[in-house]
$ cat coords-v4.txt   # compact mmCIF, N, CA, C and O atoms
# COMPACT_ATOMS: atom_id res chain seq x y z
N MET A 192 -6.00 -5.91 -16.67
CA MET A 192 -6.74 -6.08 -17.87
C MET A 192 -7.70 -7.25 -17.69
O MET A 192 -7.35 -8.25 -17.09
N ARG A 193 -8.89 -7.08 -18.16
CA ARG A 193 -9.85 -8.17 -18.17
C ARG A 193 -10.36 -8.23 -19.61
O ARG A 193 -10.98 -7.30 -20.08
N GLY A 194 -10.06 -9.34 -20.32
CA GLY A 194 -10.37 -9.40 -21.74
C GLY A 194 -9.52 -8.38 -22.46
O GLY A 194 -8.31 -8.33 -22.30
N ALA A 195 -10.15 -7.52 -23.24
CA ALA A 195 -9.41 -6.48 -23.96
C ALA A 195 -9.55 -5.13 -23.28
O ALA A 195 -9.17 -4.11 -23.84
N SER A 196 -10.08 -5.10 -22.06
CA SER A 196 -10.32 -3.83 -21.37
C SER A 196 -9.30 -3.59 -20.27
O SER A 196 -8.98 -4.49 -19.51
N ILE A 197 -8.84 -2.37 -20.18
CA ILE A 197 -8.00 -1.96 -19.06
C ILE A 197 -8.92 -1.68 -17.88
O ILE A 197 -9.88 -0.92 -18.00
N VAL A 198 -8.65 -2.30 -16.76
CA VAL A 198 -9.50 -2.16 -15.58
C VAL A 198 -9.12 -0.92 -14.78
O VAL A 198 -9.98 -0.16 -14.35
N VAL A 199 -7.83 -0.70 -14.58
CA VAL A 199 -7.36 0.43 -13.78
C VAL A 199 -5.95 0.81 -14.21
O VAL A 199 -5.17 -0.05 -14.62
N GLY A 200 -5.66 2.09 -14.15
CA GLY A 200 -4.33 2.59 -14.47
C GLY A 200 -3.83 3.50 -13.37
O GLY A 200 -4.61 3.99 -12.55
N SER A 201 -2.54 3.73 -13.35
CA SER A 201 -1.96 4.53 -12.26
C SER A 201 -2.50 5.96 -12.25
O SER A 201 -2.66 6.56 -11.18
N ALA A 202 -2.83 6.54 -13.39
CA ALA A 202 -3.32 7.93 -13.43
C ALA A 202 -4.74 8.06 -12.89
O ALA A 202 -5.21 9.18 -12.65
N ASP A 203 -5.43 6.94 -12.66
CA ASP A 203 -6.78 7.01 -12.08
C ASP A 203 -6.78 7.59 -10.67
O ASP A 203 -7.81 7.99 -10.16
N ILE A 204 -5.60 7.68 -10.05
CA ILE A 204 -5.51 8.28 -8.72
C ILE A 204 -5.86 9.77 -8.76
O ILE A 204 -6.27 10.35 -7.76
N PHE A 205 -5.75 10.40 -9.90
CA PHE A 205 -6.01 11.84 -10.03
C PHE A 205 -7.48 12.17 -10.25
O PHE A 205 -7.82 13.34 -10.39
N TRP A 206 -8.33 11.16 -10.30
CA TRP A 206 -9.76 11.37 -10.56
C TRP A 206 -10.59 11.09 -9.32
O TRP A 206 -10.30 10.16 -8.57
N PRO A 207 -11.65 11.86 -9.09
CA PRO A 207 -12.53 11.60 -7.95
C PRO A 207 -13.36 10.34 -8.18
O PRO A 207 -13.41 9.81 -9.30
N LEU A 208 -14.02 9.87 -7.15
CA LEU A 208 -14.89 8.70 -7.27
C LEU A 208 -15.96 8.95 -8.32
O LEU A 208 -16.40 10.09 -8.52
N GLU A 209 -16.38 7.88 -8.97
CA GLU A 209 -17.43 8.02 -9.98
C GLU A 209 -18.69 8.59 -9.34
O GLU A 209 -19.07 8.21 -8.25
N GLY A 210 -19.32 9.52 -10.01
CA GLY A 210 -20.53 10.14 -9.50
C GLY A 210 -20.28 11.36 -8.63
O GLY A 210 -21.21 11.98 -8.15
N SER A 211 -19.00 11.70 -8.40
CA SER A 211 -18.68 12.89 -7.59
C SER A 211 -19.08 14.15 -8.34
O SER A 211 -19.07 14.20 -9.57
N ASP A 212 -19.40 15.18 -7.57
CA ASP A 212 -19.84 16.44 -8.16
C ASP A 212 -18.69 17.27 -8.73
O ASP A 212 -18.85 17.96 -9.72
N GLY A 213 -17.53 17.22 -8.10
CA GLY A 213 -16.43 18.10 -8.48
C GLY A 213 -15.72 17.67 -9.76
O GLY A 213 -15.85 16.54 -10.22
N SER A 214 -14.96 18.57 -10.31
CA SER A 214 -14.16 18.34 -11.50
C SER A 214 -12.87 17.62 -11.11
O SER A 214 -12.35 17.80 -10.01
N TYR A 215 -12.31 16.85 -12.02
CA TYR A 215 -11.02 16.22 -11.74
C TYR A 215 -9.93 17.27 -11.55
O TYR A 215 -8.95 17.05 -10.85
N ARG A 216 -10.09 18.44 -12.13
CA ARG A 216 -9.10 19.50 -11.98
C ARG A 216 -9.03 20.02 -10.54
O ARG A 216 -8.00 20.50 -10.10
N ASP A 217 -10.13 19.90 -9.81
CA ASP A 217 -10.19 20.38 -8.44
C ASP A 217 -9.94 19.26 -7.42
O ASP A 217 -9.89 19.52 -6.22
N PHE A 218 -9.78 18.03 -7.89
CA PHE A 218 -9.67 16.89 -6.99
C PHE A 218 -8.27 16.79 -6.40
O PHE A 218 -7.27 16.82 -7.11
N ASP A 219 -8.19 16.66 -5.07
CA ASP A 219 -6.93 16.47 -4.36
C ASP A 219 -6.94 15.06 -3.79
O ASP A 219 -7.66 14.77 -2.84
N TYR A 220 -6.17 14.16 -4.38
CA TYR A 220 -6.20 12.76 -3.99
C TYR A 220 -5.42 12.47 -2.71
O TYR A 220 -5.51 11.38 -2.16
N ASP A 221 -4.66 13.41 -2.20
CA ASP A 221 -3.84 13.18 -1.02
C ASP A 221 -4.71 12.82 0.19
O ASP A 221 -5.41 13.67 0.74
N GLY A 222 -4.66 11.56 0.59
CA GLY A 222 -5.42 11.11 1.75
C GLY A 222 -6.89 10.84 1.49
O GLY A 222 -7.63 10.53 2.43
N ARG A 223 -7.33 10.94 0.26
CA ARG A 223 -8.74 10.70 -0.07
C ARG A 223 -8.86 9.51 -1.01
O ARG A 223 -7.95 9.20 -1.76
N ARG A 224 -10.00 8.85 -0.97
CA ARG A 224 -10.25 7.76 -1.93
C ARG A 224 -10.42 8.35 -3.31
O ARG A 224 -11.11 9.34 -3.50
N SER A 225 -9.80 7.71 -4.28
CA SER A 225 -9.85 8.18 -5.66
C SER A 225 -10.55 7.15 -6.54
O SER A 225 -10.93 6.06 -6.08
N ARG A 226 -10.67 7.48 -7.79
CA ARG A 226 -11.25 6.55 -8.76
C ARG A 226 -10.40 5.28 -8.83
O ARG A 226 -10.91 4.18 -9.00
N ARG A 227 -9.08 5.39 -8.67
CA ARG A 227 -8.21 4.21 -8.66
C ARG A 227 -8.59 3.26 -7.53
O ARG A 227 -8.68 2.05 -7.73
N ASP A 228 -8.85 3.79 -6.34
CA ASP A 228 -9.26 2.94 -5.22
C ASP A 228 -10.55 2.20 -5.55
O ASP A 228 -10.69 1.00 -5.28
N GLU A 229 -11.49 2.92 -6.11
CA GLU A 229 -12.78 2.35 -6.47
C GLU A 229 -12.61 1.22 -7.51
O GLU A 229 -13.20 0.15 -7.39
N LEU A 230 -11.80 1.46 -8.52
CA LEU A 230 -11.58 0.46 -9.57
C LEU A 230 -10.82 -0.76 -9.04
O LEU A 230 -11.12 -1.90 -9.40
N LEU A 231 -9.82 -0.53 -8.18
CA LEU A 231 -9.09 -1.64 -7.59
C LEU A 231 -9.98 -2.50 -6.70
O LEU A 231 -9.87 -3.72 -6.69
N ASP A 232 -10.89 -1.86 -5.95
CA ASP A 232 -11.85 -2.62 -5.13
C ASP A 232 -12.65 -3.58 -6.01
O ASP A 232 -12.82 -4.75 -5.67
N GLY A 233 -13.13 -3.09 -7.14
CA GLY A 233 -13.90 -3.93 -8.04
C GLY A 233 -13.08 -5.08 -8.60
O GLY A 233 -13.56 -6.21 -8.72
N PHE A 234 -11.82 -4.82 -8.92
CA PHE A 234 -10.94 -5.86 -9.45
C PHE A 234 -10.63 -6.90 -8.38
O PHE A 234 -10.70 -8.10 -8.62
N LEU A 235 -10.29 -6.46 -7.19
CA LEU A 235 -9.88 -7.38 -6.13
C LEU A 235 -11.03 -8.21 -5.57
O LEU A 235 -10.83 -9.31 -5.07
N LEU A 236 -12.25 -7.70 -5.65
CA LEU A 236 -13.38 -8.35 -5.00
C LEU A 236 -14.33 -9.03 -5.98
O LEU A 236 -15.45 -9.36 -5.61
N HIS A 237 -13.91 -9.31 -7.21
CA HIS A 237 -14.87 -9.83 -8.18
C HIS A 237 -15.03 -11.34 -8.20
O HIS A 237 -15.73 -11.87 -9.03
N GLY A 238 -14.41 -12.06 -7.28
CA GLY A 238 -14.62 -13.51 -7.22
C GLY A 238 -13.89 -14.15 -6.06
O GLY A 238 -12.92 -13.60 -5.55
N ASP A 239 -14.36 -15.32 -5.64
CA ASP A 239 -13.76 -16.01 -4.49
C ASP A 239 -12.32 -16.44 -4.73
O ASP A 239 -11.42 -16.08 -4.00
N ALA A 240 -12.11 -17.24 -5.78
CA ALA A 240 -10.76 -17.74 -6.07
C ALA A 240 -10.23 -17.10 -7.34
O ALA A 240 -9.50 -17.70 -8.10
N ALA A 241 -10.62 -15.88 -7.56
CA ALA A 241 -10.37 -15.23 -8.84
C ALA A 241 -8.91 -14.94 -9.12
O ALA A 241 -8.49 -14.97 -10.27
N HIS A 242 -8.13 -14.69 -8.12
CA HIS A 242 -6.79 -14.19 -8.39
C HIS A 242 -5.69 -15.18 -8.04
O HIS A 242 -4.75 -14.86 -7.32
N ILE A 243 -5.78 -16.36 -8.60
CA ILE A 243 -4.72 -17.35 -8.47
C ILE A 243 -3.79 -17.18 -9.67
O ILE A 243 -4.23 -17.15 -10.83
N VAL A 244 -2.50 -17.07 -9.41
CA VAL A 244 -1.54 -16.83 -10.48
C VAL A 244 -1.36 -18.09 -11.31
O VAL A 244 -1.10 -19.18 -10.79
N LYS A 245 -1.51 -17.92 -12.61
CA LYS A 245 -1.32 -19.01 -13.56
C LYS A 245 0.10 -18.98 -14.13
O LYS A 245 0.75 -20.00 -14.26
N SER A 246 0.57 -17.79 -14.50
CA SER A 246 1.93 -17.66 -15.04
C SER A 246 2.44 -16.24 -14.85
O SER A 246 1.67 -15.30 -14.70
N ILE A 247 3.78 -16.11 -14.89
CA ILE A 247 4.44 -14.81 -14.80
C ILE A 247 5.51 -14.76 -15.89
O ILE A 247 6.26 -15.72 -16.07
N GLU A 248 5.54 -13.65 -16.59
CA GLU A 248 6.57 -13.42 -17.60
C GLU A 248 7.22 -12.07 -17.30
O GLU A 248 6.56 -11.16 -16.82
N GLY A 249 8.49 -11.96 -17.61
CA GLY A 249 9.19 -10.69 -17.44
C GLY A 249 9.91 -10.31 -18.71
O GLY A 249 10.34 -11.19 -19.46
N GLY A 250 10.02 -9.02 -18.96
CA GLY A 250 10.70 -8.53 -20.15
C GLY A 250 12.02 -7.88 -19.82
O GLY A 250 12.32 -7.58 -18.66
N SER A 251 12.79 -7.61 -20.85
CA SER A 251 14.12 -7.05 -20.65
C SER A 251 14.09 -5.56 -20.33
O SER A 251 15.11 -4.96 -20.01
N THR A 252 12.92 -4.93 -20.42
CA THR A 252 12.82 -3.50 -20.11
C THR A 252 12.24 -3.26 -18.72
O THR A 252 11.88 -2.15 -18.38
N GLY A 253 12.11 -4.32 -17.91
CA GLY A 253 11.56 -4.18 -16.57
C GLY A 253 10.07 -4.38 -16.51
O GLY A 253 9.46 -4.23 -15.46
N ASP A 254 9.44 -4.74 -17.63
CA ASP A 254 8.00 -4.97 -17.65
C ASP A 254 7.71 -6.40 -17.20
O ASP A 254 8.57 -7.27 -17.25
N ALA A 255 6.49 -6.63 -16.73
CA ALA A 255 6.07 -7.96 -16.31
C ALA A 255 4.60 -8.16 -16.66
O ALA A 255 3.83 -7.21 -16.74
N ARG A 256 4.25 -9.43 -16.87
CA ARG A 256 2.87 -9.79 -17.20
C ARG A 256 2.50 -10.97 -16.31
O ARG A 256 3.14 -12.02 -16.34
N VAL A 257 1.47 -10.79 -15.50
CA VAL A 257 0.98 -11.82 -14.58
C VAL A 257 -0.39 -12.25 -15.07
O VAL A 257 -1.33 -11.45 -15.10
N THR A 258 -0.50 -13.52 -15.48
CA THR A 258 -1.78 -14.06 -15.95
C THR A 258 -2.43 -14.81 -14.79
O THR A 258 -1.79 -15.65 -14.15
N LEU A 259 -3.70 -14.52 -14.54
CA LEU A 259 -4.43 -15.13 -13.44
C LEU A 259 -5.40 -16.18 -13.96
O LEU A 259 -5.81 -16.15 -15.13
N GLU A 260 -5.76 -17.13 -13.11
CA GLU A 260 -6.63 -18.23 -13.49
C GLU A 260 -7.98 -17.77 -14.05
O GLU A 260 -8.57 -18.43 -14.88
N ASP A 261 -8.48 -16.62 -13.58
CA ASP A 261 -9.80 -16.16 -14.02
C ASP A 261 -9.76 -15.40 -15.34
O ASP A 261 -10.75 -14.87 -15.79
N GLY A 262 -8.58 -15.34 -15.98
CA GLY A 262 -8.45 -14.65 -17.26
C GLY A 262 -7.96 -13.22 -17.15
O GLY A 262 -7.65 -12.61 -18.17
N CYS A 263 -7.90 -12.68 -15.97
CA CYS A 263 -7.37 -11.33 -15.80
C CYS A 263 -5.86 -11.36 -16.00
O CYS A 263 -5.20 -12.37 -15.74
N VAL A 264 -5.32 -10.25 -16.47
CA VAL A 264 -3.89 -10.12 -16.70
C VAL A 264 -3.43 -8.82 -16.07
O VAL A 264 -4.03 -7.76 -16.29
N LEU A 265 -2.38 -8.89 -15.26
CA LEU A 265 -1.76 -7.68 -14.72
C LEU A 265 -0.57 -7.37 -15.60
O LEU A 265 0.34 -8.20 -15.76
N GLU A 266 -0.56 -6.20 -16.21
CA GLU A 266 0.57 -5.76 -17.00
C GLU A 266 1.25 -4.64 -16.23
O GLU A 266 0.63 -3.63 -15.90
N LEU A 267 2.51 -4.84 -15.92
CA LEU A 267 3.25 -3.93 -15.06
C LEU A 267 4.43 -3.33 -15.82
O LEU A 267 5.13 -4.02 -16.53
N TRP A 268 4.63 -2.01 -15.63
CA TRP A 268 5.75 -1.32 -16.25
C TRP A 268 6.47 -0.53 -15.17
O TRP A 268 5.84 0.01 -14.26
N PRO A 269 7.79 -0.41 -15.27
CA PRO A 269 8.51 0.42 -14.30
C PRO A 269 8.15 1.89 -14.50
O PRO A 269 7.75 2.28 -15.59
N ASP A 270 8.31 2.68 -13.46
CA ASP A 270 7.94 4.09 -13.56
C ASP A 270 9.12 5.00 -13.91
O ASP A 270 9.03 6.20 -13.80
N HIS A 271 10.23 4.41 -14.32
CA HIS A 271 11.38 5.21 -14.74
C HIS A 271 12.21 4.40 -15.73
O HIS A 271 12.06 3.20 -15.84
N ARG A 272 13.11 5.08 -16.43
CA ARG A 272 13.91 4.41 -17.45
C ARG A 272 15.24 3.91 -16.92
O ARG A 272 15.86 3.06 -17.52
N SER A 273 15.71 4.42 -15.82
CA SER A 273 17.00 4.02 -15.28
C SER A 273 16.97 2.54 -14.90
O SER A 273 16.06 2.09 -14.23
N GLY A 274 17.99 1.80 -15.31
CA GLY A 274 18.01 0.38 -15.02
C GLY A 274 19.14 -0.07 -14.13
O GLY A 274 19.24 -1.22 -13.80
N VAL A 275 20.03 0.84 -13.73
CA VAL A 275 21.18 0.41 -12.97
C VAL A 275 21.36 1.32 -11.76
O VAL A 275 21.35 2.53 -11.88
N GLU A 276 21.51 0.69 -10.60
CA GLU A 276 21.87 1.42 -9.39
C GLU A 276 23.38 1.31 -9.22
O GLU A 276 24.04 0.54 -9.92
N ALA A 277 23.93 2.01 -8.27
CA ALA A 277 25.38 1.97 -8.03
C ALA A 277 25.86 0.56 -7.72
O ALA A 277 26.97 0.18 -8.05
N ASP A 278 25.02 -0.26 -7.06
CA ASP A 278 25.46 -1.60 -6.66
C ASP A 278 24.87 -2.72 -7.52
O ASP A 278 24.88 -3.87 -7.14
N GLY A 279 24.36 -2.42 -8.70
CA GLY A 279 23.86 -3.48 -9.58
C GLY A 279 22.56 -3.11 -10.26
O GLY A 279 22.12 -1.97 -10.18
N PRO A 280 21.95 -4.09 -10.95
CA PRO A 280 20.71 -3.81 -11.69
C PRO A 280 19.56 -3.43 -10.76
O PRO A 280 19.42 -3.98 -9.68
N PHE A 281 18.76 -2.49 -11.21
CA PHE A 281 17.61 -2.03 -10.44
C PHE A 281 16.51 -3.08 -10.51
O PHE A 281 16.15 -3.55 -11.59
N GLU A 282 15.98 -3.48 -9.38
CA GLU A 282 14.90 -4.46 -9.32
C GLU A 282 13.56 -3.75 -9.48
O GLU A 282 13.22 -2.87 -8.71
N HIS A 283 12.81 -4.15 -10.50
CA HIS A 283 11.51 -3.55 -10.73
C HIS A 283 10.38 -4.33 -10.05
O HIS A 283 9.49 -3.74 -9.45
N TRP A 284 10.41 -5.66 -10.16
CA TRP A 284 9.34 -6.50 -9.61
C TRP A 284 9.95 -7.78 -9.04
O TRP A 284 10.91 -8.31 -9.57
N ARG A 285 9.35 -8.28 -7.95
CA ARG A 285 9.78 -9.55 -7.35
C ARG A 285 8.54 -10.35 -7.01
O ARG A 285 7.64 -9.87 -6.32
N PHE A 286 8.52 -11.59 -7.50
CA PHE A 286 7.41 -12.50 -7.23
C PHE A 286 7.99 -13.72 -6.53
O PHE A 286 9.07 -14.20 -6.88
N PHE A 287 7.27 -14.24 -5.55
CA PHE A 287 7.79 -15.39 -4.83
C PHE A 287 6.65 -16.20 -4.22
O PHE A 287 5.55 -15.72 -4.02
N ARG A 288 6.99 -17.47 -3.97
CA ARG A 288 6.12 -18.36 -3.20
C ARG A 288 6.87 -18.70 -1.93
O ARG A 288 8.10 -18.66 -1.89
N ARG A 289 6.14 -19.05 -0.91
CA ARG A 289 6.80 -19.42 0.35
C ARG A 289 7.78 -20.56 0.12
O ARG A 289 7.46 -21.52 -0.58
N ALA A 290 8.97 -20.47 0.70
CA ALA A 290 10.00 -21.51 0.64
C ALA A 290 10.31 -21.93 -0.79
O ALA A 290 10.48 -23.09 -1.09
N ASP A 291 10.36 -20.96 -1.70
CA ASP A 291 10.64 -21.27 -3.09
C ASP A 291 11.57 -20.18 -3.65
O ASP A 291 11.87 -19.19 -2.99
N THR A 292 12.01 -20.35 -4.87
CA THR A 292 12.86 -19.36 -5.50
C THR A 292 12.06 -18.11 -5.86
O THR A 292 10.85 -18.17 -6.01
N HIS A 293 12.75 -17.02 -6.00
CA HIS A 293 12.12 -15.76 -6.37
C HIS A 293 12.28 -15.56 -7.88
O HIS A 293 13.25 -15.98 -8.48
N PHE A 294 11.32 -14.89 -8.48
CA PHE A 294 11.35 -14.49 -9.89
C PHE A 294 11.48 -12.99 -9.88
O PHE A 294 10.55 -12.28 -9.47
N VAL A 295 12.63 -12.46 -10.27
CA VAL A 295 12.92 -11.03 -10.15
C VAL A 295 13.08 -10.44 -11.55
O VAL A 295 13.84 -10.95 -12.37
N VAL A 296 12.36 -9.35 -11.80
CA VAL A 296 12.45 -8.65 -13.07
C VAL A 296 13.28 -7.39 -12.86
O VAL A 296 12.93 -6.54 -12.05
N THR A 297 14.40 -7.31 -13.57
CA THR A 297 15.27 -6.14 -13.51
C THR A 297 15.35 -5.53 -14.91
O THR A 297 14.91 -6.13 -15.88
N ALA A 298 15.95 -4.39 -15.02
CA ALA A 298 16.15 -3.76 -16.32
C ALA A 298 17.20 -4.52 -17.13
O ALA A 298 17.32 -4.34 -18.33
N SER A 299 17.97 -5.39 -16.46
CA SER A 299 18.99 -6.18 -17.14
C SER A 299 18.49 -7.58 -17.49
O SER A 299 19.23 -8.40 -18.00
N GLY A 300 17.24 -7.88 -17.17
CA GLY A 300 16.68 -9.19 -17.47
C GLY A 300 16.06 -9.86 -16.25
O GLY A 300 15.79 -9.21 -15.25
N ILE A 301 15.88 -11.16 -16.35
CA ILE A 301 15.22 -11.95 -15.31
C ILE A 301 16.28 -12.63 -14.44
O ILE A 301 17.27 -13.15 -14.95
N GLU A 302 16.03 -12.65 -13.13
CA GLU A 302 16.87 -13.38 -12.18
C GLU A 302 15.99 -14.37 -11.44
O GLU A 302 14.89 -14.02 -11.01
N ILE A 303 16.47 -15.60 -11.29
CA ILE A 303 15.69 -16.60 -10.54
C ILE A 303 16.56 -17.15 -9.44
O ILE A 303 17.74 -17.35 -9.59
$ encode --input "coords-v4.txt" --output "structure tokens"
Amino acid sequence: MRGASIVVGSADIFWPLEGSDGSYRDFDYDGRRSRRDELLDGFLLHGDAAHIVKSIEGGSTGDARVTLEDGCVLELWPDHRSGVEADGPFEHWRFFRRADTHFVVTASGIEI
């Protein structure tokens, strides 16, 4: 997200590059660049020091929010509802710095 606008979503993989002649119904994204690739390129390349993490928050449903110094926000959601594996809580997201503690978002809450 940049401001109040969504920059890219997971379903953008099903759409061809902007300006393509074909219909999205005929687009086969397997092994081809998609609209998602194009949008991610724009997000990742929009500034020199643009993507420095300012803060990370995690929710009890496995969601996470990463706020960046340039004002962009990554909002992340798990792709399934199951929260428990046979050997413990399912890990949805893990954030870490070198030689530091990890911030882990699970369906059962936050682990540090």
$ atom_distance --input "coords-v4.txt" --atom1 "atom C of A:Thr258" --atom2 "atom CA of A:Gly200"
17.5 Å
$ atom_distance --input "coords-v4.txt" --atom1 "atom C of A:Leu259" --atom2 "atom O of A:Leu236"
14.7 Å
$ residues_around --input "coords-v4.txt" --residues "A:His293" --least-positions-apart "6" --cutoff "4.5 Å" --atoms "only N, CA, C and O atoms" --output "number ranges by chain"
A: 286, 302-303
$ residues_around --input "coords-v4.txt" --residues "A:Ser225" --least-positions-apart "3" --cutoff "6 Å" --atoms "all atoms listed in the file" --output "JSON list (two decimals) with N, CA, C and O atoms, in the coordinates of the input"
[["chain", "number", "residue", "atom", "x", "y", "z"],
["A", 203, "ASP", "N", -5.43, 6.94, -12.66],
["A", 203, "ASP", "CA", -6.78, 7.01, -12.08],
["A", 203, "ASP", "C", -6.78, 7.59, -10.67],
["A", 203, "ASP", "O", -7.81, 7.99, -10.16],
["A", 204, "ILE", "N", -5.60, 7.68, -10.05],
["A", 204, "ILE", "CA", -5.51, 8.28, -8.72],
["A", 204, "ILE", "C", -5.86, 9.77, -8.76],
["A", 204, "ILE", "O", -6.27, 10.35, -7.76],
["A", 206, "TRP", "N", -8.33, 11.16, -10.30],
["A", 206, "TRP", "CA", -9.76, 11.37, -10.56],
["A", 206, "TRP", "C", -10.59, 11.09, -9.32],
["A", 206, "TRP", "O", -10.30, 10.16, -8.57],
["A", 207, "PRO", "N", -11.65, 11.86, -9.09],
["A", 207, "PRO", "CA", -12.53, 11.60, -7.95],
["A", 207, "PRO", "C", -13.36, 10.34, -8.18],
["A", 207, "PRO", "O", -13.41, 9.81, -9.30],
["A", 208, "LEU", "N", -14.02, 9.87, -7.15],
["A", 208, "LEU", "CA", -14.89, 8.70, -7.27],
["A", 208, "LEU", "C", -15.96, 8.95, -8.32],
["A", 208, "LEU", "O", -16.40, 10.09, -8.52],
["A", 228, "ASP", "N", -8.85, 3.79, -6.34],
["A", 228, "ASP", "CA", -9.26, 2.94, -5.22],
["A", 228, "ASP", "C", -10.55, 2.20, -5.55],
["A", 228, "ASP", "O", -10.69, 1.00, -5.28],
["A", 229, "GLU", "N", -11.49, 2.92, -6.11],
["A", 229, "GLU", "CA", -12.78, 2.35, -6.47],
["A", 229, "GLU", "C", -12.61, 1.22, -7.51],
["A", 229, "GLU", "O", -13.20, 0.15, -7.39],
["A", 230, "LEU", "N", -11.80, 1.46, -8.52],
["A", 230, "LEU", "CA", -11.58, 0.46, -9.57],
["A", 230, "LEU", "C", -10.82, -0.76, -9.04],
["A", 230, "LEU", "O", -11.12, -1.90, -9.40]]
$ atom_distance --input "coords-v4.txt" --atom1 "atom CA of A:Phe281" --atom2 "atom N of A:Val295"
11.6 Å
$ select_by_dssp --input "coords-v4.txt" --residues "stretch 223-297 of chain A" --states "strand (DSSP E)" --output "MDAnalysis selection string"
chainID A and resid 244:249 255:259 264:267 275:276 279:280 282:287 293:297
$ closest_residue --input "coords-v4.txt" --among "A:Asp291, A:Asp232, A:Asp261, A:Glu282" --to "A:Gly249" --atoms "only C-alpha atoms"
A:Glu282
$ select_by_dssp --input "coords-v4.txt" --residues "chain A" --states "alpha helix (DSSP H)" --output "list in words"
Arg226, Arg227, Asp228, Glu229, Leu230, Leu231, Asp232, Gly233, Phe234 and Leu235 of chain A
$ closest_residue --input "coords-v4.txt" --among "A:Phe287, A:Val198, A:Gly300, A:Phe294" --to "A:Gly233" --atoms "only C-alpha atoms"
A:Val198
$ closest_residue --input "coords-v4.txt" --among "A:Leu231, A:Ala290, A:Val296, A:Cys263" --to "A:Val244" --atoms "all atoms listed in the file"
A:Cys263
$ closest_residue --input "coords-v4.txt" --among "A:Lys245, A:Arg224, A:Arg285, A:Arg216" --to "A:Val257" --atoms "all atoms listed in the file"
A:Lys245
